[in-house]
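> The structure file protein.cif (mmCIF, N, CA and C atoms) is provided below.
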```cif
data_query
#
loop_
_atom_site.label_atom_id
_atom_site.label_comp_id
_atom_site.auth_asym_id
_atom_site.auth_seq_id
_atom_site.Cartn_x
_atom_site.Cartn_y
_atom_site.Cartn_z
N GLU A 1 -8.68 8.23 4.12
CA GLU A 1 -7.39 8.10 4.76
C GLU A 1 -6.77 6.77 4.36
N LEU A 2 -5.50 6.78 4.16
CA LEU A 2 -4.78 5.57 3.80
C LEU A 2 -4.62 4.68 5.02
N ASP A 3 -4.77 3.40 4.80
CA ASP A 3 -4.70 2.43 5.90
C ASP A 3 -3.37 2.50 6.62
N GLY A 4 -3.43 2.84 7.89
CA GLY A 4 -2.25 2.80 8.73
C GLY A 4 -1.25 3.93 8.55
N PHE A 5 -1.55 4.90 7.68
CA PHE A 5 -0.57 5.95 7.41
C PHE A 5 -0.34 6.82 8.64
N SER A 6 -1.40 7.23 9.31
CA SER A 6 -1.25 8.09 10.49
C SER A 6 -0.43 7.39 11.57
N ASP A 7 -0.74 6.13 11.81
CA ASP A 7 0.03 5.36 12.80
C ASP A 7 1.49 5.24 12.38
N PHE A 8 1.70 5.02 11.09
CA PHE A 8 3.06 4.92 10.56
C PHE A 8 3.85 6.20 10.83
N VAL A 9 3.23 7.36 10.56
CA VAL A 9 3.90 8.64 10.76
C VAL A 9 4.19 8.87 12.25
N MET A 10 3.22 8.57 13.09
CA MET A 10 3.43 8.76 14.53
C MET A 10 4.54 7.86 15.06
N ASP A 11 4.56 6.61 14.63
CA ASP A 11 5.63 5.70 15.05
C ASP A 11 6.99 6.16 14.55
N SER A 12 7.02 6.62 13.30
CA SER A 12 8.28 7.10 12.73
C SER A 12 8.77 8.34 13.48
N TRP A 13 7.85 9.21 13.85
CA TRP A 13 8.21 10.43 14.58
C TRP A 13 8.86 10.07 15.91
N LYS A 14 8.28 9.08 16.59
CA LYS A 14 8.81 8.67 17.89
C LYS A 14 10.18 8.01 17.75
N LYS A 15 10.41 7.32 16.64
CA LYS A 15 11.68 6.62 16.42
C LYS A 15 12.76 7.54 15.84
N ALA A 16 12.36 8.70 15.34
CA ALA A 16 13.30 9.60 14.68
C ALA A 16 14.35 10.10 15.67
N PRO A 17 15.61 10.07 15.24
CA PRO A 17 16.66 10.60 16.11
C PRO A 17 16.52 12.12 16.20
N GLY A 18 16.86 12.67 17.32
CA GLY A 18 16.73 14.11 17.48
C GLY A 18 17.92 14.71 18.20
N ASP A 19 18.04 16.02 18.04
CA ASP A 19 19.09 16.79 18.70
C ASP A 19 18.41 17.67 19.75
N LEU A 20 18.41 17.21 20.98
CA LEU A 20 17.68 17.91 22.04
C LEU A 20 18.35 19.21 22.46
N SER A 21 19.55 19.48 21.99
CA SER A 21 20.24 20.71 22.36
C SER A 21 19.70 21.92 21.61
N ASN A 22 19.03 21.66 20.48
CA ASN A 22 18.52 22.76 19.67
C ASN A 22 17.16 22.34 19.10
N GLY A 23 16.12 23.09 19.44
CA GLY A 23 14.77 22.75 19.02
C GLY A 23 14.58 22.73 17.53
N VAL A 24 15.12 23.73 16.83
CA VAL A 24 14.96 23.81 15.38
C VAL A 24 15.70 22.66 14.71
N ARG A 25 16.91 22.41 15.16
CA ARG A 25 17.69 21.31 14.60
C ARG A 25 16.99 19.97 14.85
N ASN A 26 16.39 19.84 16.01
CA ASN A 26 15.64 18.63 16.35
C ASN A 26 14.48 18.45 15.38
N LEU A 27 13.72 19.52 15.15
CA LEU A 27 12.57 19.46 14.24
C LEU A 27 13.01 19.13 12.82
N VAL A 28 14.03 19.80 12.33
CA VAL A 28 14.51 19.57 10.96
C VAL A 28 15.00 18.14 10.80
N GLY A 29 15.73 17.65 11.77
CA GLY A 29 16.24 16.28 11.71
C GLY A 29 15.11 15.26 11.67
N LYS A 30 14.10 15.48 12.50
CA LYS A 30 12.96 14.55 12.53
C LYS A 30 12.19 14.62 11.21
N LEU A 31 12.00 15.82 10.67
CA LEU A 31 11.27 15.95 9.40
C LEU A 31 12.02 15.26 8.26
N LYS A 32 13.33 15.39 8.23
CA LYS A 32 14.12 14.71 7.19
C LYS A 32 13.98 13.20 7.33
N PHE A 33 14.03 12.72 8.55
CA PHE A 33 13.90 11.29 8.82
C PHE A 33 12.54 10.79 8.34
N ILE A 34 11.49 11.53 8.69
CA ILE A 34 10.13 11.12 8.30
C ILE A 34 9.96 11.19 6.79
N LYS A 35 10.56 12.18 6.16
CA LYS A 35 10.47 12.31 4.70
C LYS A 35 10.99 11.04 4.02
N LEU A 36 12.13 10.55 4.47
CA LEU A 36 12.70 9.32 3.91
C LEU A 36 11.81 8.12 4.19
N LYS A 37 11.28 8.05 5.40
CA LYS A 37 10.40 6.94 5.77
C LYS A 37 9.13 6.95 4.92
N ILE A 38 8.57 8.13 4.67
CA ILE A 38 7.35 8.24 3.86
C ILE A 38 7.64 7.82 2.42
N ARG A 39 8.78 8.21 1.90
CA ARG A 39 9.13 7.78 0.53
C ARG A 39 9.20 6.26 0.44
N ASP A 40 9.82 5.64 1.43
CA ASP A 40 9.89 4.17 1.46
C ASP A 40 8.49 3.57 1.56
N TRP A 41 7.64 4.17 2.39
CA TRP A 41 6.27 3.68 2.56
C TRP A 41 5.49 3.77 1.26
N VAL A 42 5.66 4.88 0.53
CA VAL A 42 4.96 5.07 -0.75
C VAL A 42 5.41 4.01 -1.75
N LYS A 43 6.72 3.76 -1.83
CA LYS A 43 7.23 2.73 -2.74
C LYS A 43 6.64 1.36 -2.41
N GLU A 44 6.65 1.03 -1.13
CA GLU A 44 6.12 -0.26 -0.70
C GLU A 44 4.62 -0.36 -0.99
N SER A 45 3.92 0.73 -0.74
CA SER A 45 2.47 0.75 -0.99
C SER A 45 2.16 0.57 -2.47
N LYS A 46 2.93 1.23 -3.33
CA LYS A 46 2.73 1.07 -4.78
C LYS A 46 3.00 -0.36 -5.21
N ASN A 47 4.07 -0.95 -4.69
CA ASN A 47 4.39 -2.34 -5.04
C ASN A 47 3.29 -3.29 -4.58
N ASN A 48 2.74 -3.04 -3.40
CA ASN A 48 1.65 -3.88 -2.90
C ASN A 48 0.42 -3.75 -3.79
N ARG A 49 0.11 -2.51 -4.20
CA ARG A 49 -1.04 -2.30 -5.08
C ARG A 49 -0.84 -2.97 -6.42
N LYS A 50 0.38 -2.87 -6.97
CA LYS A 50 0.66 -3.52 -8.25
C LYS A 50 0.47 -5.02 -8.14
N GLY A 51 0.91 -5.58 -7.02
CA GLY A 51 0.75 -7.01 -6.79
C GLY A 51 -0.72 -7.41 -6.73
N LEU A 52 -1.53 -6.59 -6.05
CA LEU A 52 -2.96 -6.87 -5.97
C LEU A 52 -3.63 -6.74 -7.33
N ILE A 53 -3.23 -5.72 -8.09
CA ILE A 53 -3.80 -5.53 -9.43
C ILE A 53 -3.49 -6.74 -10.30
N ASN A 54 -2.25 -7.19 -10.27
CA ASN A 54 -1.88 -8.37 -11.06
C ASN A 54 -2.64 -9.61 -10.62
N LYS A 55 -2.83 -9.75 -9.31
CA LYS A 55 -3.59 -10.89 -8.78
C LYS A 55 -5.02 -10.86 -9.30
N TYR A 56 -5.66 -9.68 -9.25
CA TYR A 56 -7.04 -9.57 -9.71
C TYR A 56 -7.16 -9.76 -11.22
N LYS A 57 -6.18 -9.28 -11.96
CA LYS A 57 -6.19 -9.49 -13.42
C LYS A 57 -6.11 -10.97 -13.74
N GLU A 58 -5.24 -11.69 -13.04
CA GLU A 58 -5.10 -13.13 -13.26
C GLU A 58 -6.38 -13.86 -12.89
N GLU A 59 -6.99 -13.44 -11.79
CA GLU A 59 -8.25 -14.04 -11.36
C GLU A 59 -9.34 -13.81 -12.42
N LEU A 60 -9.42 -12.60 -12.95
CA LEU A 60 -10.40 -12.29 -13.99
C LEU A 60 -10.13 -13.10 -15.26
N ARG A 61 -8.86 -13.22 -15.62
CA ARG A 61 -8.51 -13.99 -16.81
C ARG A 61 -8.96 -15.44 -16.67
N SER A 62 -8.73 -16.00 -15.49
CA SER A 62 -9.12 -17.38 -15.22
C SER A 62 -10.65 -17.54 -15.28
N ILE A 63 -11.36 -16.61 -14.70
CA ILE A 63 -12.83 -16.65 -14.73
C ILE A 63 -13.32 -16.54 -16.17
N ASP A 64 -12.74 -15.59 -16.93
CA ASP A 64 -13.13 -15.42 -18.33
C ASP A 64 -12.90 -16.69 -19.14
N GLU A 65 -11.77 -17.34 -18.92
CA GLU A 65 -11.48 -18.59 -19.64
C GLU A 65 -12.52 -19.66 -19.33
N ASN A 66 -12.87 -19.79 -18.06
CA ASN A 66 -13.88 -20.77 -17.67
C ASN A 66 -15.25 -20.45 -18.26
N ILE A 67 -15.61 -19.19 -18.25
CA ILE A 67 -16.91 -18.79 -18.80
C ILE A 67 -16.94 -19.04 -20.30
N GLU A 68 -15.87 -18.66 -21.01
CA GLU A 68 -15.81 -18.84 -22.46
C GLU A 68 -15.81 -20.33 -22.84
N ALA A 69 -15.24 -21.17 -21.98
CA ALA A 69 -15.20 -22.61 -22.25
C ALA A 69 -16.52 -23.29 -21.89
N GLY A 70 -17.44 -22.52 -21.34
CA GLY A 70 -18.74 -23.08 -20.97
C GLY A 70 -18.74 -23.73 -19.60
N ASN A 71 -17.70 -23.52 -18.84
CA ASN A 71 -17.60 -24.12 -17.50
C ASN A 71 -17.94 -23.13 -16.39
N GLY A 72 -18.47 -21.98 -16.78
CA GLY A 72 -18.76 -20.95 -15.79
C GLY A 72 -19.96 -21.28 -14.94
N THR A 73 -19.89 -20.92 -13.69
CA THR A 73 -21.01 -21.11 -12.77
C THR A 73 -21.63 -19.75 -12.49
N ASN A 74 -22.79 -19.76 -11.87
CA ASN A 74 -23.43 -18.49 -11.51
C ASN A 74 -22.53 -17.68 -10.58
N THR A 75 -21.83 -18.37 -9.71
CA THR A 75 -20.90 -17.70 -8.79
C THR A 75 -19.79 -17.00 -9.56
N MET A 76 -19.25 -17.68 -10.57
CA MET A 76 -18.18 -17.09 -11.39
C MET A 76 -18.69 -15.86 -12.13
N VAL A 77 -19.87 -15.97 -12.70
CA VAL A 77 -20.44 -14.84 -13.45
C VAL A 77 -20.67 -13.66 -12.51
N THR A 78 -21.20 -13.93 -11.34
CA THR A 78 -21.42 -12.86 -10.35
C THR A 78 -20.11 -12.23 -9.94
N LYS A 79 -19.11 -13.07 -9.69
CA LYS A 79 -17.79 -12.55 -9.29
C LYS A 79 -17.19 -11.71 -10.42
N ARG A 80 -17.39 -12.13 -11.65
CA ARG A 80 -16.86 -11.40 -12.81
C ARG A 80 -17.51 -10.03 -12.92
N MET A 81 -18.78 -9.95 -12.57
CA MET A 81 -19.51 -8.68 -12.69
C MET A 81 -19.14 -7.70 -11.59
N GLU A 82 -18.56 -8.21 -10.50
CA GLU A 82 -18.14 -7.33 -9.41
C GLU A 82 -16.95 -6.55 -9.86
#
```
Using structure tokens, write down the structure from this file.


Amino acid sequence: ELDGFSDFVMDSWKKAPGDLSNGVRNLVGKLKFIKLKIRDWVKESKNNRKGLINKYKEELRSIDENIEAGNGTNTMVTKRME
């Protein structure tokens, strides 16, 4: 399960505007609202993952440079192997 996704959907459902005069219209309106919210959540999640990937790549590059320069420690080598 994705971190916080279920809570996100439940919160969005509660915040979704509804038309209480018609049950079907209420359901459709809430589903459309949640669909847009989920799309935004997916975009944000992808951006966060890309940021983490770039961070880890930079960290690995830095470790590799230190190891190649002969400045690597056992901790660096262990971290690199993870």

> Would you work out the distance separating atom CA of Asp7 of chain A from atom N of Lys32 of chain A, expressed in Å to one decimal?

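We find that atom CA of Asp7 of chain A and atom N of Lys32 of chain A lie 17.3 Å from each other.
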
> Would you please work out which residue, of A:Trp13, A:Asn54, A:Thr78, A:Gly70, is nearest to Leu36 of chain A when using only C-alpha atoms?

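Residue with the minimum atom-to-atom distance to Leu36 of chain A: A:Trp13.
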
> Please report the interatomic distance between atom CA of Lys37 of chain A and atom CA of Gly18 of chain A in Å with one decimal.

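If I compute the distance from atom CA of Lys37 of chain A to atom CA of Gly18 of chain A, I get 15.1 Å.
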
> Might you pull out every residue within 6.5 Å of Ala16 of chain A, with all atoms listed in the file counted and same-chain residues fewer than 4 positions away left off, and present them as an NGL selection string?

:A and (11-12 or 30 or 33)

> Between atom N of Val42 of chain A and atom CA of Leu2 of chain A, what is the distance, to one decimal in Å?

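Between these atoms lies a distance of 11.0 Å.
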